[in-house]
Amino acid sequence: MGWEERQVRGYPEFVRTAQGYHGRPIFALFCGDKDAEGRSWCPDCVTAEPIVRKELHNLPDESVFIYCLVGDRAYWKDPNNEFRRNLKLTGVPTLLKYGTPQKLVEEECFKSELVRMLFTED
Amino acid sequence: SVQAHKEEENPRKTMEVNGFMPVPDSYDYDLIVIGGGSGGLAAAKEAAKYEKKVMVLDFVMPTPQGSSWGLGGTCVNVGCIPKKLMHQAALLGQALQDSRKFGWQFTEEVKHDWMTMTESVQNYIGSLNWGYRVALRDKKVTYENAYGEFVGPHTIKATYKKGVEKLYTAETFIIATGERPRYLGIPGDKEYCISSDDLFSLPYCPGRTLVVGASYVALECAGFLAGLGLDVTVMVRSILLRGFDQDMANRIGEYMKEHGVNFIRDFVPIKVERVEEGTPGILKVTAKSTTGDQIIEVEYNTVLLAIGRDPCTRKIGLDKVGVNINERTGKIPVNDEEQTNVPYIYAVGDILQDKLELTPVAIQAGRLLVQRLYAGTTTKCDYVNVPTTVFTPLEYGACGYSEETSVEKFGEENIEVYHSHFWPLEWTVPSRDNNKCYAKIICNTQDNERVIGFHVLGPNAGEVTQGFAAAIKCGLTKKQLDSTVGIHPVCAEV
């Protein structure tokens, strides 16, 4: 069946979407919001996104890739935002395998070897 | 006979000719480490710093109960880490009780949920497993989840989960395969008993538990299980904490007894049977006295065996490369550079003969070994005055000699023991024991009253001991200790 991508914005939409795919492997990339020209306020996210996208063809069959915009810079800086509180995210970009402790944070997302390992290995 | 290996899987041309493996003329790797635990990973990561081509093989044979775990070895998965977290869970239970005396008010009865604790602990361990894999991949160390064994000079065979086999060669090898819990060898032990390998991921609360053994593993596990509110009994064959200062060992035992842990002394189990199925179910243990003919039968939900650990050295092909092991214990004798009798094969960690079985020792030994191999240093691992802590309900920290060993080595007339009970300030308000915490130092009167043994029994013993270990390494004397002003009010000022 291959893999599919969903694009969401904000915590409630992320949770709803992830729950809808319960039972399938779910990978998620969290990035800062993008402006009208499509540029994120988060420079590391700008670097990471194309690197991650280049490895998507390695995703296992049946899996879901959720591309999630977390919010604007002010929202992200708030230490109590829902992503920090509930998903325990510590930085953007974060690439993770939902429901497991497996994740890559910030500069780790720049390394295609690590992204590939997250997507393909148990 | 000639056996050729599949060329696609293994581009190396290695052929077993007439039963003999030839010595390869070039190697796949500079270094292959067998075992991805504390020692193995430290060595592998260090070698990568020197741009060496390194492989780590790690494989966990499932327990008789089916438990298994990820990369990181015993400490991370089924040892120090989950042990300390569960010990902390038990301490928090005690703290909740104490808190009422400090003014905290809550009406609900405080209960413990095993599954909540275990899930949190396993989740943290999972993040450590992942962290190690990221670290290895990032440093370009090849990690294979496969069982490694020697098949010929400079050559190992790696067997993967689905049975696939591959051969790899290296210039140098480090064996760091660690140990696994020993079983009793009695009917029912493997079928019905669990070990520390199973406890920290047990998917149900163990309930009324019998812990067999008097090692630090046995006492630590019995201690936190009782602290979580379970009915715990420890069955001891003879003495507690063999090899440790016996006065301290007995104080630990007394404290545990006074705080709800039952002890059956001088008995060994001879049979374990299942009376009732379930998770946990009910087991019947038949035990025989070591001092007479008495036989007893007792029922428990869970039986945890903690009678010792055996090195994983018997099935890794050491005979194929001529590495000597102690036939009785399975341990590997090495020189002071961790080298076995085969010059290109080294060993680190718990499998070493006559060395301490501690994570920081394995890490230090692994790192220094690799630095000597690839960075031209000569520093050897210092196994003297290594501090340790036993995380029983009343924690015990120690560095240096026990009182018995001091007397043996220096003669009773040449040592002086200074000791004191102390009452932690935090224990006063909740009226906890005022005569249990205890500290002693053993001094060599022939050497300027140099401190040769440090022992403390009390809260945060590990934190207290660490600093004193550094002082002892610098040659601390009684006079220097006396002239050091204490911090007040802390336990360590004693």
# chains A, B, ... in the order shown; residues from 1 in each chain; ligands from 1
>>> interface_residues(of="chain A", to="chain B", cutoff="8 Å", atoms="only C-alpha atoms", output="count of residues only")
5
>>> residues_around(residues="Glu276 of chain B", least_positions_apart="2", cutoff="12 Å", atoms="only C-alpha atoms", output="list in words")
Tyr192, Glu273, Arg274, Gly278, Thr279, Pro280, Gly281, Ile282, Leu283, Lys284, Glu299, Tyr300, Asn301 and Thr302 of chain B
>>> write_last_selection(atoms="C-alpha atoms", output="compact mmCIF listing (two decimals), in the first residue's frame")
# COMPACT_ATOMS: atom_id res chain seq x y z
CA TYR B 192 8.41 -20.86 37.04
CA GLU B 273 5.93 -26.11 41.58
CA ARG B 274 2.98 -24.24 40.18
CA GLY B 278 -2.26 -16.71 36.49
CA THR B 279 -0.31 -13.48 36.27
CA PRO B 280 1.19 -13.89 38.73
CA GLY B 281 -0.40 -17.15 39.85
CA ILE B 282 0.75 -19.14 42.88
CA LEU B 283 3.99 -21.10 43.25
CA LYS B 284 4.92 -23.58 45.96
CA GLU B 299 3.65 -20.39 48.73
CA TYR B 300 4.35 -17.19 46.83
CA ASN B 301 3.04 -15.40 43.75
CA THR B 302 6.54 -14.88 42.40
>>> select_by_dssp(residues="segment 225-385 of chain B", states="helix (DSSP H, G or I)", output="ChimeraX atom specification")
/B:225-227,246-258,318-321,359-374
>>> select_by_dssp(residues="segment 109-289 of chain B", states="strand (DSSP E or B)", output="ChimeraX atom specification")
/B:142-144,146-152,155-160,165-175,179-181,194-195,209-212,232-236,262-265,267-276,282-289
>>> atom_distance(atom1="atom CA of Ala95 of chain B", atom2="atom CA of Met248 of chain B")
24.1 Å
>>> residues_around(residues="Arg450 of chain B", least_positions_apart="3", cutoff="7 Å", atoms="only C-alpha atoms", output="list in words")
Cys443, Asn444, Asp447, Gly475, Leu476, Thr477 and Lys478 of chain B
>>> write_last_selection(atoms="N, CA, C and O atoms", output="tab-separated table (two decimals), in the first residue's frame")
chain	number	residue	atom	x	y	z
B	443	CYS	N	41.68	3.24	59.17
B	443	CYS	CA	42.95	3.92	58.89
B	443	CYS	C	44.14	3.01	59.12
B	443	CYS	O	44.12	2.16	60.02
B	444	ASN	N	45.19	3.21	58.34
B	444	ASN	CA	46.43	2.46	58.48
B	444	ASN	C	47.39	3.27	59.34
B	444	ASN	O	47.92	4.30	58.91
B	447	ASP	N	50.91	4.12	58.19
B	447	ASP	CA	51.09	5.01	57.04
B	447	ASP	C	50.38	6.33	57.28
B	447	ASP	O	49.48	6.71	56.56
B	475	GLY	N	45.08	10.16	48.66
B	475	GLY	CA	45.87	9.78	49.84
B	475	GLY	C	45.37	10.37	51.14
B	475	GLY	O	46.14	10.61	52.06
B	476	LEU	N	44.07	10.57	51.26
B	476	LEU	CA	43.48	11.16	52.47
B	476	LEU	C	43.96	10.51	53.76
B	476	LEU	O	43.99	9.29	53.88
B	477	THR	N	44.33	11.34	54.73
B	477	THR	CA	44.71	10.82	56.05
B	477	THR	C	43.67	11.27	57.06
B	477	THR	O	42.89	12.20	56.81
B	478	LYS	N	43.66	10.65	58.24
B	478	LYS	CA	42.70	10.98	59.29
B	478	LYS	C	42.84	12.46	59.67
B	478	LYS	O	41.85	13.16	59.87
>>> residues_around(residues="segment 83-93 of chain A", least_positions_apart="6", cutoff="8 Å", atoms="only C-alpha atoms", output="PDB file with C-alpha atoms, in the first residue's frame")
ATOM      1  CA  TYR A  11      -1.771  20.306  18.588  1.00  0.00           C
ATOM      2  CA  LEU A  29       7.965  16.033  11.574  1.00  0.00           C
ATOM      3  CA  PHE A  30       7.283  19.090  13.706  1.00  0.00           C
ATOM      4  CA  CYS A  31       8.286  22.478  12.269  1.00  0.00           C
ATOM      5  CA  GLY A  32       7.668  26.147  12.960  1.00  0.00           C
ATOM      6  CA  CYS A  42      12.694  28.295  12.378  1.00  0.00           C
ATOM      7  CA  ASP A  44      16.808  24.632  11.389  1.00  0.00           C
ATOM      8  CA  CYS A  45      13.411  23.501  10.112  1.00  0.00           C
ATOM      9  CA  ALA A  48      15.880  19.815   7.836  1.00  0.00           C
ATOM     10  CA  VAL A  70       3.406  23.741  15.587  1.00  0.00           C
ATOM     11  CA  VAL A 105      15.930  16.562  17.441  1.00  0.00           C
ATOM     12  CA  GLU A 106      17.268  19.690  15.734  1.00  0.00           C
ATOM     13  CA  CYS A 109      17.460  15.848  11.572  1.00  0.00           C
TER      14      CYS A 109
END
>>> atom_distance(atom1="atom CA of Val110 of chain B", atom2="atom CA of Ala89 of chain B")
12.8 Å
>>> residues_around(residues="segment 4-9 of chain A", least_positions_apart="3", cutoff="7 Å", atoms="only C-alpha atoms", output="PyMOL selection string")
chain A and resi 13-14+63-70
>>> residues_around(residues="Tyr98 of chain A", least_positions_apart="4", cutoff="9 Å", atoms="only C-alpha atoms", output="MDAnalysis selection string")
chainID A and resid 18 25:28 102:103
>>> residues_around(residues="Ala43 of chain B", least_positions_apart="4", cutoff="8 Å", atoms="only C-alpha atoms", output="list in words")
Val33, Gly39, Ala47, Ile363, Gly366, Arg367, Leu369 and Val370 of chain B
>>> write_last_selection(atoms="N, CA, C and O atoms", output="PDB file, in the first residue's frame")
ATOM      1  N   VAL B  33      33.903  -5.383  18.401  1.00  0.00           N
ATOM      2  CA  VAL B  33      33.573  -5.496  19.815  1.00  0.00           C
ATOM      3  C   VAL B  33      32.392  -6.450  19.929  1.00  0.00           C
ATOM      4  O   VAL B  33      31.358  -6.240  19.280  1.00  0.00           O
ATOM      5  N   GLY B  39      30.923  -1.667  28.805  1.00  0.00           N
ATOM      6  CA  GLY B  39      32.310  -1.725  28.358  1.00  0.00           C
ATOM      7  C   GLY B  39      32.438  -1.681  26.847  1.00  0.00           C
ATOM      8  O   GLY B  39      33.242  -0.924  26.293  1.00  0.00           O
ATOM      9  N   ALA B  47      37.029   4.205  19.962  1.00  0.00           N
ATOM     10  CA  ALA B  47      37.797   3.829  18.774  1.00  0.00           C
ATOM     11  C   ALA B  47      37.382   4.648  17.562  1.00  0.00           C
ATOM     12  O   ALA B  47      38.209   4.999  16.708  1.00  0.00           O
ATOM     13  N   ILE B 363      33.554   0.840  31.664  1.00  0.00           N
ATOM     14  CA  ILE B 363      33.665   1.989  30.769  1.00  0.00           C
ATOM     15  C   ILE B 363      35.096   2.525  30.781  1.00  0.00           C
ATOM     16  O   ILE B 363      35.698   2.769  29.735  1.00  0.00           O
ATOM     17  N   GLY B 366      37.452   0.048  29.102  1.00  0.00           N
ATOM     18  CA  GLY B 366      37.244   0.041  27.652  1.00  0.00           C
ATOM     19  C   GLY B 366      37.880   1.254  26.993  1.00  0.00           C
ATOM     20  O   GLY B 366      38.575   1.151  25.981  1.00  0.00           O
ATOM     21  N   ARG B 367      37.625   2.424  27.571  1.00  0.00           N
ATOM     22  CA  ARG B 367      38.165   3.661  26.995  1.00  0.00           C
ATOM     23  C   ARG B 367      39.678   3.685  27.019  1.00  0.00           C
ATOM     24  O   ARG B 367      40.323   4.001  26.014  1.00  0.00           O
ATOM     25  N   LEU B 369      41.766   1.234  27.289  1.00  0.00           N
ATOM     26  CA  LEU B 369      42.307   0.196  26.407  1.00  0.00           C
ATOM     27  C   LEU B 369      42.395   0.707  24.980  1.00  0.00           C
ATOM     28  O   LEU B 369      43.422   0.591  24.305  1.00  0.00           O
ATOM     29  N   VAL B 370      41.316   1.306  24.506  1.00  0.00           N
ATOM     30  CA  VAL B 370      41.298   1.806  23.129  1.00  0.00           C
ATOM     31  C   VAL B 370      42.301   2.940  22.938  1.00  0.00           C
ATOM     32  O   VAL B 370      42.957   3.036  21.896  1.00  0.00           O
TER      33      VAL B 370
END
>>> closest_residue(among="A:Asn58, A:Glu37, A:His22, A:Asp72", to="Gly10 of chain A", atoms="only C-alpha atoms")
A:Asp72
>>> atom_distance(atom1="atom CA of Tyr132 of chain B", atom2="atom CA of Leu71 of chain B")
7.0 Å
>>> decode(residues="segment 437-449 of chain B", atoms="N, CA and C atoms", output="PDB file, in the first residue's frame")
ATOM      1  N   CYS B 437      21.611   4.891  61.038  1.00  0.00           N
ATOM      2  CA  CYS B 437      22.609   5.405  60.096  1.00  0.00           C
ATOM      3  C   CYS B 437      23.966   5.368  60.771  1.00  0.00           C
ATOM      4  N   TYR B 438      24.971   5.042  59.982  1.00  0.00           N
ATOM      5  CA  TYR B 438      26.267   4.702  60.581  1.00  0.00           C
ATOM      6  C   TYR B 438      27.382   4.965  59.582  1.00  0.00           C
ATOM      7  N   ALA B 439      28.503   5.432  60.093  1.00  0.00           N
ATOM      8  CA  ALA B 439      29.636   5.668  59.200  1.00  0.00           C
ATOM      9  C   ALA B 439      30.907   5.211  59.887  1.00  0.00           C
ATOM     10  N   LYS B 440      31.837   4.665  59.123  1.00  0.00           N
ATOM     11  CA  LYS B 440      33.131   4.332  59.723  1.00  0.00           C
ATOM     12  C   LYS B 440      34.254   4.487  58.705  1.00  0.00           C
ATOM     13  N   ILE B 441      35.415   4.875  59.209  1.00  0.00           N
ATOM     14  CA  ILE B 441      36.602   4.870  58.360  1.00  0.00           C
ATOM     15  C   ILE B 441      37.660   4.002  59.013  1.00  0.00           C
ATOM     16  N   ILE B 442      38.424   3.342  58.164  1.00  0.00           N
ATOM     17  CA  ILE B 442      39.480   2.444  58.631  1.00  0.00           C
ATOM     18  C   ILE B 442      40.797   3.075  58.208  1.00  0.00           C
ATOM     19  N   CYS B 443      41.684   3.241  59.173  1.00  0.00           N
ATOM     20  CA  CYS B 443      42.952   3.919  58.892  1.00  0.00           C
ATOM     21  C   CYS B 443      44.141   3.006  59.119  1.00  0.00           C
ATOM     22  N   ASN B 444      45.191   3.213  58.339  1.00  0.00           N
ATOM     23  CA  ASN B 444      46.433   2.457  58.478  1.00  0.00           C
ATOM     24  C   ASN B 444      47.387   3.266  59.339  1.00  0.00           C
ATOM     25  N   THR B 445      47.567   2.811  60.607  1.00  0.00           N
ATOM     26  CA  THR B 445      48.386   3.597  61.530  1.00  0.00           C
ATOM     27  C   THR B 445      49.867   3.608  61.150  1.00  0.00           C
ATOM     28  N   GLN B 446      50.273   2.646  60.319  1.00  0.00           N
ATOM     29  CA  GLN B 446      51.685   2.615  59.901  1.00  0.00           C
ATOM     30  C   GLN B 446      51.966   3.575  58.755  1.00  0.00           C
ATOM     31  N   ASP B 447      50.905   4.124  58.187  1.00  0.00           N
ATOM     32  CA  ASP B 447      51.092   5.009  57.036  1.00  0.00           C
ATOM     33  C   ASP B 447      50.383   6.327  57.284  1.00  0.00           C
ATOM     34  N   ASN B 448      50.766   6.988  58.373  1.00  0.00           N
ATOM     35  CA  ASN B 448      50.227   8.320  58.623  1.00  0.00           C
ATOM     36  C   ASN B 448      48.715   8.338  58.847  1.00  0.00           C
ATOM     37  N   GLU B 449      48.171   7.219  59.323  1.00  0.00           N
ATOM     38  CA  GLU B 449      46.717   7.081  59.478  1.00  0.00           C
ATOM     39  C   GLU B 449      46.005   7.381  58.159  1.00  0.00           C
TER      40      GLU B 449
END
